[in-house]
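Below is run-v5.cif, which holds mmCIF, C-alpha atoms.
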```cif
data_query
#
loop_
_atom_site.label_atom_id
_atom_site.label_comp_id
_atom_site.auth_asym_id
_atom_site.auth_seq_id
_atom_site.Cartn_x
_atom_site.Cartn_y
_atom_site.Cartn_z
CA MET A 1 44.27 3.73 -18.80
CA GLU A 2 45.09 7.44 -18.74
CA ASN A 3 47.15 9.64 -21.03
CA ARG A 4 47.67 13.24 -19.89
CA GLY A 5 44.96 12.65 -17.33
CA LYS A 6 42.42 11.49 -19.92
CA GLU A 7 41.07 7.96 -19.74
CA ILE A 8 41.80 6.11 -22.98
CA ARG A 9 39.42 3.39 -24.08
CA ILE A 10 38.92 3.93 -27.81
CA VAL A 11 41.72 4.41 -30.35
CA GLY A 12 40.63 6.08 -33.59
CA ILE A 13 42.59 5.26 -36.74
CA LEU A 14 42.64 7.44 -39.85
CA GLY A 15 42.66 4.87 -42.64
CA GLY A 16 41.09 1.43 -42.80
CA GLY A 17 43.42 -0.84 -44.73
CA GLN A 18 45.36 -3.89 -43.59
CA LEU A 19 47.68 -1.88 -41.35
CA ALA A 20 44.71 -0.54 -39.39
CA ARG A 21 43.18 -4.03 -39.27
CA MET A 22 46.33 -5.52 -37.75
CA THR A 23 46.67 -2.58 -35.37
CA ALA A 24 43.08 -3.18 -34.27
CA THR A 25 43.88 -6.81 -33.49
CA ALA A 26 46.76 -5.69 -31.27
CA ALA A 27 44.59 -3.10 -29.52
CA TYR A 28 41.84 -5.64 -28.83
CA LYS A 29 44.42 -7.91 -27.23
CA LEU A 30 45.12 -5.16 -24.69
CA GLY A 31 41.44 -4.47 -24.05
CA PHE A 32 40.99 -1.30 -26.11
CA GLN A 33 38.37 -0.53 -28.74
CA ILE A 34 39.00 0.75 -32.25
CA ALA A 35 37.18 3.33 -34.38
CA ILE A 36 37.99 3.62 -38.10
CA LEU A 37 37.70 6.42 -40.66
CA ASP A 38 37.95 5.24 -44.26
CA PRO A 39 36.23 6.07 -47.56
CA ALA A 40 35.32 2.41 -48.18
CA PRO A 41 32.58 0.92 -45.97
CA ASP A 42 33.98 -2.59 -46.45
CA SER A 43 37.66 -1.79 -45.99
CA PRO A 44 39.75 -4.41 -44.13
CA ALA A 45 39.63 -2.53 -40.82
CA GLN A 46 35.98 -1.48 -41.14
CA GLN A 47 35.18 -5.20 -41.12
CA VAL A 48 36.49 -5.67 -37.57
CA THR A 49 34.81 -2.80 -35.71
CA GLU A 50 31.35 -1.39 -35.20
CA LEU A 51 32.77 2.09 -34.53
CA LYS A 52 33.24 3.39 -38.05
CA VAL A 53 32.98 6.57 -40.05
CA VAL A 54 32.79 6.32 -43.84
CA GLY A 55 34.27 9.36 -45.52
CA PRO A 56 37.39 10.92 -47.04
CA LEU A 57 40.53 11.13 -44.91
CA ASN A 58 41.29 14.73 -45.89
CA ASP A 59 37.95 16.15 -44.78
CA ILE A 60 38.20 18.07 -41.50
CA SER A 61 34.57 17.32 -40.63
CA MET A 62 35.20 13.57 -41.01
CA ILE A 63 38.34 13.75 -38.88
CA ARG A 64 36.41 15.61 -36.19
CA LYS A 65 33.65 13.00 -36.40
CA ILE A 66 36.04 10.10 -35.80
CA ALA A 67 37.68 12.14 -33.04
CA SER A 68 34.29 12.48 -31.33
CA LEU A 69 34.08 8.67 -31.19
CA SER A 70 37.64 8.24 -29.93
CA ASP A 71 39.87 9.16 -27.02
CA ILE A 72 43.05 9.35 -29.12
CA LEU A 73 43.82 9.32 -32.85
CA THR A 74 46.57 7.66 -34.85
CA LEU A 75 47.36 7.09 -38.53
CA GLU A 76 47.44 4.16 -40.90
CA ASN A 77 49.10 6.19 -43.66
CA GLU A 78 50.88 9.50 -44.19
CA PHE A 79 48.39 10.91 -46.70
CA VAL A 80 46.27 12.91 -44.25
CA ASP A 81 47.29 16.53 -44.57
CA ALA A 82 49.25 17.69 -41.52
CA SER A 83 47.50 21.07 -41.54
CA LEU A 84 44.17 19.35 -40.91
CA LEU A 85 45.64 17.44 -37.98
CA ARG A 86 46.95 20.70 -36.50
CA GLU A 87 43.40 22.04 -36.56
CA VAL A 88 42.13 18.97 -34.75
CA GLU A 89 45.00 19.13 -32.25
CA SER A 90 43.94 22.71 -31.52
CA ASP A 91 40.53 21.27 -30.55
CA GLY A 92 42.35 19.40 -27.78
CA VAL A 93 42.44 16.02 -29.52
CA LEU A 94 45.42 13.75 -28.82
CA ILE A 95 47.03 12.61 -32.08
CA TYR A 96 50.15 10.45 -32.46
CA PRO A 97 52.27 10.85 -34.41
CA ARG A 98 51.86 14.58 -33.93
CA ALA A 99 50.91 16.87 -36.80
CA ASP A 100 54.34 18.51 -36.78
CA THR A 101 56.02 15.11 -37.05
CA LEU A 102 53.77 14.11 -39.92
CA GLY A 103 54.39 17.43 -41.64
CA SER A 104 58.14 16.92 -41.48
CA VAL A 105 58.04 13.49 -43.16
CA GLN A 106 55.03 13.39 -45.51
CA ASP A 107 56.78 15.86 -47.82
CA LYS A 108 59.84 13.90 -48.94
CA LEU A 109 61.85 17.03 -49.67
CA LEU A 110 61.29 18.39 -46.15
CA GLN A 111 62.03 14.90 -44.80
CA LYS A 112 65.39 14.72 -46.57
CA GLN A 113 66.28 18.28 -45.61
CA LEU A 114 65.58 17.56 -41.93
CA LEU A 115 67.60 14.36 -41.93
CA ASP A 116 70.50 15.90 -43.86
CA SER A 117 70.66 18.93 -41.54
CA ASN A 118 70.96 16.57 -38.58
CA GLY A 119 73.85 14.60 -40.03
CA ILE A 120 71.81 11.55 -41.08
CA GLY A 121 72.93 10.19 -44.43
CA VAL A 122 70.55 10.41 -47.38
CA PRO A 123 71.04 10.28 -51.16
CA ARG A 124 71.91 13.70 -52.60
CA PHE A 125 68.75 15.51 -53.64
CA MET A 126 67.39 18.71 -55.14
CA ALA A 127 63.98 20.35 -55.43
CA VAL A 128 62.71 20.81 -58.98
CA SER A 129 59.88 23.07 -60.06
CA GLU A 130 60.36 23.07 -63.82
CA LYS A 131 61.84 20.82 -66.48
CA GLU A 132 65.03 22.84 -66.77
CA ASP A 133 65.74 22.13 -63.08
CA VAL A 134 66.01 18.43 -63.89
CA TYR A 135 68.71 19.06 -66.48
CA LYS A 136 70.61 21.18 -63.97
CA ALA A 137 70.24 18.47 -61.34
CA GLY A 138 71.67 15.92 -63.75
CA GLU A 139 74.73 18.12 -64.24
CA THR A 140 75.16 18.43 -60.46
CA LEU A 141 74.16 14.98 -59.19
CA GLY A 142 74.99 12.97 -62.29
CA TRP A 143 72.84 10.61 -64.33
CA PRO A 144 70.67 8.61 -63.84
CA LEU A 145 68.32 10.48 -61.52
CA VAL A 146 65.18 9.45 -59.68
CA LEU A 147 62.28 11.88 -60.07
CA LYS A 148 59.94 11.71 -57.09
CA ALA A 149 56.58 13.13 -56.13
CA ARG A 150 57.13 14.89 -52.81
CA ARG A 151 53.77 13.69 -51.49
CA ASN A 152 51.59 10.57 -51.57
CA GLY A 153 53.91 8.14 -53.31
CA TYR A 154 54.18 4.49 -52.21
CA ASP A 155 55.15 1.08 -53.63
CA GLY A 156 57.02 2.79 -56.45
CA ARG A 157 54.07 5.00 -57.40
CA GLY A 158 55.22 8.57 -57.81
CA ASN A 159 58.80 7.61 -58.72
CA ALA A 160 60.47 7.42 -62.13
CA LEU A 161 64.02 6.72 -63.24
CA ILE A 162 65.54 9.24 -65.67
CA ASN A 163 68.49 7.57 -67.35
CA GLY A 164 69.81 10.68 -69.06
CA PRO A 165 68.95 14.04 -70.64
CA SER A 166 67.08 12.39 -73.51
CA SER A 167 64.57 10.86 -71.05
CA VAL A 168 63.67 14.08 -69.23
CA GLU A 169 61.00 15.34 -71.61
CA ASP A 170 58.87 12.18 -71.53
CA VAL A 171 59.08 11.62 -67.76
CA TRP A 172 58.46 15.29 -66.96
CA ARG A 173 55.36 15.34 -69.16
CA ARG A 174 53.86 12.41 -67.22
CA PHE A 175 54.54 13.96 -63.82
CA GLU A 176 53.60 17.50 -64.79
CA GLN A 177 49.98 16.43 -65.25
CA THR A 178 49.70 15.43 -61.58
CA ARG A 179 50.50 18.98 -60.38
CA ILE A 180 52.26 17.45 -57.36
CA PRO A 181 55.50 19.15 -56.21
CA LEU A 182 58.56 17.21 -57.31
CA MET A 183 62.15 16.53 -56.32
CA VAL A 184 65.06 14.52 -57.70
CA GLU A 185 67.58 12.26 -56.03
CA GLU A 186 70.79 10.75 -57.22
CA PHE A 187 70.48 7.12 -58.27
CA VAL A 188 72.17 5.08 -55.57
CA GLU A 189 74.05 1.87 -56.33
CA PHE A 190 73.45 -0.35 -53.32
CA LYS A 191 74.19 -3.95 -52.44
CA LYS A 192 71.18 -4.48 -50.18
CA GLU A 193 68.02 -2.70 -49.11
CA LEU A 194 67.51 -2.74 -45.36
CA ALA A 195 64.68 -1.68 -43.08
CA VAL A 196 64.29 -1.09 -39.37
CA MET A 197 61.11 -0.67 -37.36
CA VAL A 198 61.54 1.63 -34.38
CA ALA A 199 58.97 2.51 -31.71
CA ARG A 200 59.05 5.57 -29.46
CA SER A 201 56.47 6.12 -26.76
CA SER A 202 54.84 9.34 -25.64
CA ASN A 203 57.03 8.96 -22.56
CA GLY A 204 60.21 8.94 -24.65
CA GLU A 205 61.03 5.21 -24.37
CA VAL A 206 62.53 3.77 -27.57
CA ALA A 207 62.57 0.17 -28.84
CA VAL A 208 64.40 -0.86 -32.01
CA TYR A 209 63.54 -4.02 -33.93
CA PRO A 210 66.03 -6.28 -35.73
CA VAL A 211 67.46 -4.99 -39.01
CA VAL A 212 65.89 -6.80 -41.95
CA GLU A 213 66.66 -7.14 -45.64
CA THR A 214 63.88 -6.28 -48.07
CA ILE A 215 63.68 -7.61 -51.60
CA GLN A 216 61.58 -5.61 -54.04
CA LYS A 217 59.74 -6.79 -57.13
CA ASN A 218 58.38 -4.13 -59.50
CA HIS A 219 59.01 -1.52 -56.77
CA ILE A 220 56.81 -3.42 -54.29
CA CYS A 221 58.17 -5.17 -51.21
CA HIS A 222 58.17 -8.87 -52.04
CA ILE A 223 60.26 -10.62 -49.38
CA VAL A 224 61.52 -9.61 -45.93
CA LYS A 225 64.35 -11.60 -44.37
CA ALA A 226 65.00 -11.25 -40.65
CA PRO A 227 67.62 -10.64 -39.51
CA ALA A 228 69.51 -9.12 -42.43
CA GLU A 229 72.61 -11.10 -43.31
CA VAL A 230 75.12 -8.26 -43.11
CA SER A 231 78.09 -7.46 -40.90
CA SER A 232 77.60 -6.81 -37.19
CA ASP A 233 78.92 -3.29 -37.74
CA SER A 234 76.23 -2.64 -40.36
CA LEU A 235 73.52 -4.01 -38.06
CA GLU A 236 74.58 -1.73 -35.22
CA SER A 237 74.94 1.26 -37.53
CA ALA A 238 71.44 0.75 -38.98
CA LYS A 239 69.92 0.50 -35.51
CA GLU A 240 71.70 3.63 -34.33
CA ILE A 241 70.52 5.54 -37.41
CA ALA A 242 66.94 4.41 -36.73
CA ARG A 243 67.17 5.50 -33.11
CA LYS A 244 68.59 8.91 -34.01
CA THR A 245 66.04 9.43 -36.77
CA ILE A 246 62.97 8.93 -34.59
CA GLU A 247 64.43 11.34 -32.04
CA VAL A 248 65.12 13.97 -34.71
CA ILE A 249 61.56 13.88 -36.04
CA ASP A 250 60.12 13.67 -32.50
CA GLY A 251 58.20 10.57 -33.52
CA VAL A 252 55.67 8.85 -31.27
CA GLY A 253 54.40 5.46 -32.38
CA ILE A 254 55.97 2.93 -34.73
CA PHE A 255 58.02 4.09 -37.71
CA GLY A 256 59.41 2.16 -40.68
CA ILE A 257 62.81 3.31 -41.88
CA GLU A 258 63.96 2.11 -45.30
CA MET A 259 67.72 2.18 -45.93
CA PHE A 260 70.33 1.51 -48.61
CA LEU A 261 73.48 -0.43 -47.70
CA LEU A 262 76.12 0.78 -50.12
CA ASN A 263 79.09 -1.14 -51.48
CA ASP A 264 81.42 0.86 -49.22
CA GLU A 265 79.29 -0.17 -46.18
CA ARG A 266 77.78 3.29 -45.72
CA ILE A 267 74.08 3.35 -44.91
CA LEU A 268 71.74 5.98 -46.34
CA ILE A 269 68.07 6.47 -45.51
CA ASN A 270 65.77 5.97 -48.46
CA GLU A 271 62.41 6.94 -46.91
CA LEU A 272 60.51 7.10 -43.62
CA ALA A 273 57.00 5.82 -42.94
CA PRO A 274 55.30 7.32 -39.83
CA ARG A 275 53.20 4.20 -39.22
CA PRO A 276 53.34 0.40 -39.20
CA HIS A 277 55.20 -0.83 -42.26
CA ASN A 278 55.20 -3.82 -44.58
CA SER A 279 58.77 -4.64 -43.59
CA GLY A 280 57.57 -5.17 -40.01
CA HIS A 281 54.78 -7.68 -40.61
CA TYR A 282 57.10 -10.55 -39.70
CA THR A 283 57.08 -9.25 -36.10
CA ILE A 284 53.55 -10.56 -35.49
CA GLU A 285 54.86 -14.09 -35.09
CA ALA A 286 58.63 -13.61 -35.05
CA CYS A 287 59.07 -11.09 -32.20
CA PHE A 288 57.84 -11.18 -28.63
CA THR A 289 55.98 -7.92 -29.30
CA SER A 290 54.69 -7.10 -32.78
CA GLN A 291 55.13 -3.73 -34.44
CA PHE A 292 51.37 -3.25 -34.14
CA GLU A 293 51.24 -3.89 -30.41
CA ASN A 294 54.22 -1.63 -29.78
CA HIS A 295 52.53 1.07 -31.83
CA VAL A 296 49.49 0.87 -29.56
CA ARG A 297 51.67 0.79 -26.48
CA ALA A 298 53.73 3.75 -27.70
CA ILE A 299 50.86 6.12 -28.45
CA LEU A 300 49.20 5.26 -25.13
CA GLY A 301 52.35 5.73 -23.08
CA LEU A 302 52.49 2.09 -22.01
CA PRO A 303 55.81 0.29 -21.48
CA LEU A 304 57.17 -0.96 -24.78
CA GLY A 305 57.48 -4.71 -25.28
CA SER A 306 60.52 -6.75 -26.20
CA THR A 307 61.55 -6.58 -29.86
CA SER A 308 63.69 -9.74 -29.63
CA MET A 309 62.98 -12.58 -32.03
CA VAL A 310 61.36 -15.79 -30.81
CA LEU A 311 63.51 -17.94 -33.11
CA PRO A 312 66.77 -17.06 -34.86
CA ALA A 313 65.20 -16.33 -38.26
CA ALA A 314 61.98 -15.40 -40.04
CA VAL A 315 60.88 -14.64 -43.58
CA MET A 316 57.78 -12.83 -44.77
CA VAL A 317 56.51 -13.05 -48.34
CA ASN A 318 53.80 -10.71 -49.60
CA LEU A 319 50.77 -12.17 -51.35
CA LEU A 320 50.02 -9.93 -54.32
CA GLY A 321 47.10 -9.82 -56.70
CA THR A 322 47.68 -10.99 -60.27
CA ARG A 323 44.37 -10.13 -61.96
CA ASN A 324 41.46 -7.70 -61.81
CA GLY A 325 38.16 -8.76 -60.27
CA PRO A 326 36.41 -10.01 -57.14
CA VAL A 327 38.46 -12.08 -54.70
CA HIS A 328 38.39 -15.88 -54.90
CA ILE A 329 41.03 -17.36 -52.60
CA LYS A 330 42.68 -20.50 -53.91
CA GLY A 331 45.40 -22.69 -52.47
CA LEU A 332 44.97 -21.73 -48.82
CA LYS A 333 44.37 -25.30 -47.69
CA ASP A 334 47.53 -26.57 -49.40
CA ALA A 335 49.62 -23.70 -48.04
CA LEU A 336 48.50 -24.40 -44.49
CA LYS A 337 49.63 -28.01 -44.81
CA ILE A 338 53.24 -26.79 -44.73
CA PRO A 339 54.42 -26.94 -41.09
CA GLY A 340 55.13 -23.58 -39.51
CA VAL A 341 53.38 -21.45 -42.13
CA ASN A 342 51.43 -18.42 -40.86
CA VAL A 343 49.01 -16.95 -43.41
CA HIS A 344 47.38 -13.52 -43.14
CA VAL A 345 44.58 -12.59 -45.56
CA TYR A 346 43.57 -8.95 -45.41
CA GLY A 347 39.89 -9.24 -46.31
CA LYS A 348 39.95 -7.04 -49.43
CA LYS A 349 36.93 -7.59 -51.65
CA THR A 350 38.64 -7.03 -55.00
CA THR A 351 42.04 -7.85 -56.39
CA ARG A 352 44.26 -6.26 -59.02
CA PRO A 353 47.82 -6.87 -60.21
CA GLY A 354 50.33 -5.86 -57.54
CA ARG A 355 47.73 -5.22 -54.83
CA LYS A 356 48.76 -6.44 -51.39
CA MET A 357 46.20 -9.11 -50.50
CA GLY A 358 47.95 -10.83 -47.59
CA HIS A 359 51.27 -12.22 -46.45
CA VAL A 360 52.95 -15.40 -45.30
CA THR A 361 55.44 -15.62 -42.42
CA VAL A 362 57.62 -18.56 -41.42
CA LEU A 363 59.92 -18.82 -38.39
CA ALA A 364 62.93 -21.14 -38.46
CA ASN A 365 66.45 -21.66 -37.20
CA SER A 366 67.90 -20.23 -40.41
CA VAL A 367 66.85 -17.66 -43.00
CA GLU A 368 67.32 -20.27 -45.74
CA GLU A 369 64.88 -22.71 -44.12
CA ALA A 370 62.29 -19.99 -43.51
CA LEU A 371 62.66 -18.64 -47.05
CA ASP A 372 62.13 -22.07 -48.59
CA LYS A 373 58.89 -22.72 -46.71
CA ALA A 374 57.53 -19.18 -47.07
CA THR A 375 58.06 -19.00 -50.82
CA LYS A 376 56.54 -22.46 -51.34
CA ALA A 377 53.43 -21.46 -49.37
CA ALA A 378 53.11 -18.09 -51.11
CA LYS A 379 53.22 -19.71 -54.56
CA LEU A 380 50.24 -21.89 -53.65
CA ILE A 381 47.92 -19.00 -52.74
CA SER A 382 46.14 -16.83 -55.28
CA PHE A 383 43.28 -14.36 -55.21
#
```
File written out as structure tokens:
Amino acid sequence: MENRGKEIRIVGILGGGQLARMTATAAYKLGFQIAILDPAPDSPAQQVTELKVVGPLNDISMIRKIASLSDILTLENEFVDASLLREVESDGVLIYPRADTLGSVQDKLLQKQLLDSNGIGVPRFMAVSEKEDVYKAGETLGWPLVLKARRNGYDGRGNALINGPSSVEDVWRRFEQTRIPLMVEEFVEFKKELAVMVARSSNGEVAVYPVVETIQKNHICHIVKAPAEVSSDSLESAKEIARKTIEVIDGVGIFGIEMFLLNDERILINELAPRPHNSGHYTIEACFTSQFENHVRAILGLPLGSTSMVLPAAVMVNLLGTRNGPVHIKGLKDALKIPGVNVHVYGKKTTRPGRKMGHVTVLANSVEEALDKATKAAKLISF
């Protein structure tokens, strides 16, 4: 196929984890090849392609090397510095999402400022550069506060709750050592956490997936229930927010949008992910077109596929590591005996507590039925 007159055959991905691996599977289905840049030679995505570059993601020479093997580049994570991507774009390399889009969302302060200035609801926030700023923020926003690293945080890493003035000193000392710019947000009381995957193609076409509920355990996504069991007004509002958000950031590709549903039914955006997202894994089996396939379609300017669900309900449960050491999968055979269970194992060579090792998805006629089967299967599998 062609994009801007250039024939596209090979999609290069910066990052080689499970998101890149599942994106590769979707690309292969459509007849494209995949090239991977990742520091680990045996990363999940490196295992499924012969076109690979082993090296750091934030090395301009490595990015140019993977670009030389590819016809277009995309991202598995938001940790590649946007300034490096701008340099590569200036070489004439096609990259989606664009460097400017990535730059506007990878810094969470800039992300919140952009959303807020465009009338999209977010928790109240302030930049902080020294400890005294946190005390001032507490006086303005109220306690407790959430202290956040502006860059490179995920799965709760880079966040800390500050319950009151007496907690500031200890939390600040821990974060100060990282030398990463910081911000604070008000602590939001919510009744549910929601998420929406939204795809936007290089041609401007937009496709919004069902609104889901996410359940966190130790700050890591544990369960995703699709669709979210909330009012029809909340579902429509969440979808409209997702659609407006991807337009505001000029996103191309698939984006994960995490939201808070408040007790007064208002919806605030928690964070954006400019890539496939854990909350969208259920789409592989549950939707006519997965988040990964629509990501490939979007960056290549192909028509986006249907985001409708195949059955009325689906539940995804993450499979997390519980120990440190080499991987030894147990319980897979018993889990697969449960009718309707879909198991994905990511191919990671080592496990550690909280590490995402795979996931289970079940489709059903009700969320309750899917949840029962998915949780039973997930409990049987260990690494």
Might you spell out which residues the PyMOL selection byres ((chain A and resi 378) around 9) would select in the displayed file, as a PyMOL selection string?
chain A and resi 317-319+335+343+359-360+373-377+379-382
On this structure, the PyMOL selection byres ((chain A and resi 304) around 10) would catch which residues? List them as a list in words, sorted by chain and number.
Ala199, Arg200, Ser201, Glu205, Val206, Ala207, Thr289, Glu293, Asn294, His295, Val296, Arg297, Ala298, Gly301, Leu302, Pro303, Gly305, Ser306 and Thr307 of chain A
Output file for the selection above: C-alpha atoms, as a PDB file, keeping the file's coordinate frame:
```
ATOM      1  CA  ALA A 199      58.970   2.510 -31.710  1.00  0.00           C
ATOM      2  CA  ARG A 200      59.050   5.570 -29.460  1.00  0.00           C
ATOM      3  CA  SER A 201      56.470   6.120 -26.760  1.00  0.00           C
ATOM      4  CA  GLU A 205      61.030   5.210 -24.370  1.00  0.00           C
ATOM      5  CA  VAL A 206      62.530   3.770 -27.570  1.00  0.00           C
ATOM      6  CA  ALA A 207      62.570   0.170 -28.840  1.00  0.00           C
ATOM      7  CA  THR A 289      55.980  -7.920 -29.300  1.00  0.00           C
ATOM      8  CA  GLU A 293      51.240  -3.890 -30.410  1.00  0.00           C
ATOM      9  CA  ASN A 294      54.220  -1.630 -29.780  1.00  0.00           C
ATOM     10  CA  HIS A 295      52.530   1.070 -31.830  1.00  0.00           C
ATOM     11  CA  VAL A 296      49.490   0.870 -29.560  1.00  0.00           C
ATOM     12  CA  ARG A 297      51.670   0.790 -26.480  1.00  0.00           C
ATOM     13  CA  ALA A 298      53.730   3.750 -27.700  1.00  0.00           C
ATOM     14  CA  GLY A 301      52.350   5.730 -23.080  1.00  0.00           C
ATOM     15  CA  LEU A 302      52.490   2.090 -22.010  1.00  0.00           C
ATOM     16  CA  PRO A 303      55.810   0.290 -21.480  1.00  0.00           C
ATOM     17  CA  GLY A 305      57.480  -4.710 -25.280  1.00  0.00           C
ATOM     18  CA  SER A 306      60.520  -6.750 -26.200  1.00  0.00           C
ATOM     19  CA  THR A 307      61.550  -6.580 -29.860  1.00  0.00           C
TER      20      THR A 307
END
```
Quick one: which residues end up in the PyMOL selection byres ((chain A and resi 75-87) around 9) for this structure, as a ChimeraX atom specification?
/A:12-20,23,57-60,63,73-74,88-91,95-106,151-152,273-276
For a test of reading the model, state the distance in Å between CA of Val315 in chain A and CA of Val211 in chain A, rounded to one decimal.
12.5 Å
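In this model, the gap between CA of Leu262 in chain A and CA of Met197 in chain A comes to 19.8 Å.
If only C-alpha atoms are the atoms counted, then among A:Ile215, A:Ile299, A:Ile249, A:Val168 the closest residue to Lys112 in chain A is A:Ile249.
Among A:Gln113, A:Gln47, A:Thr214, A:Thr140, the residue with the shortest atom-to-atom distance to Met22 in chain A, counting all atoms listed in the file, is A:Gln47.
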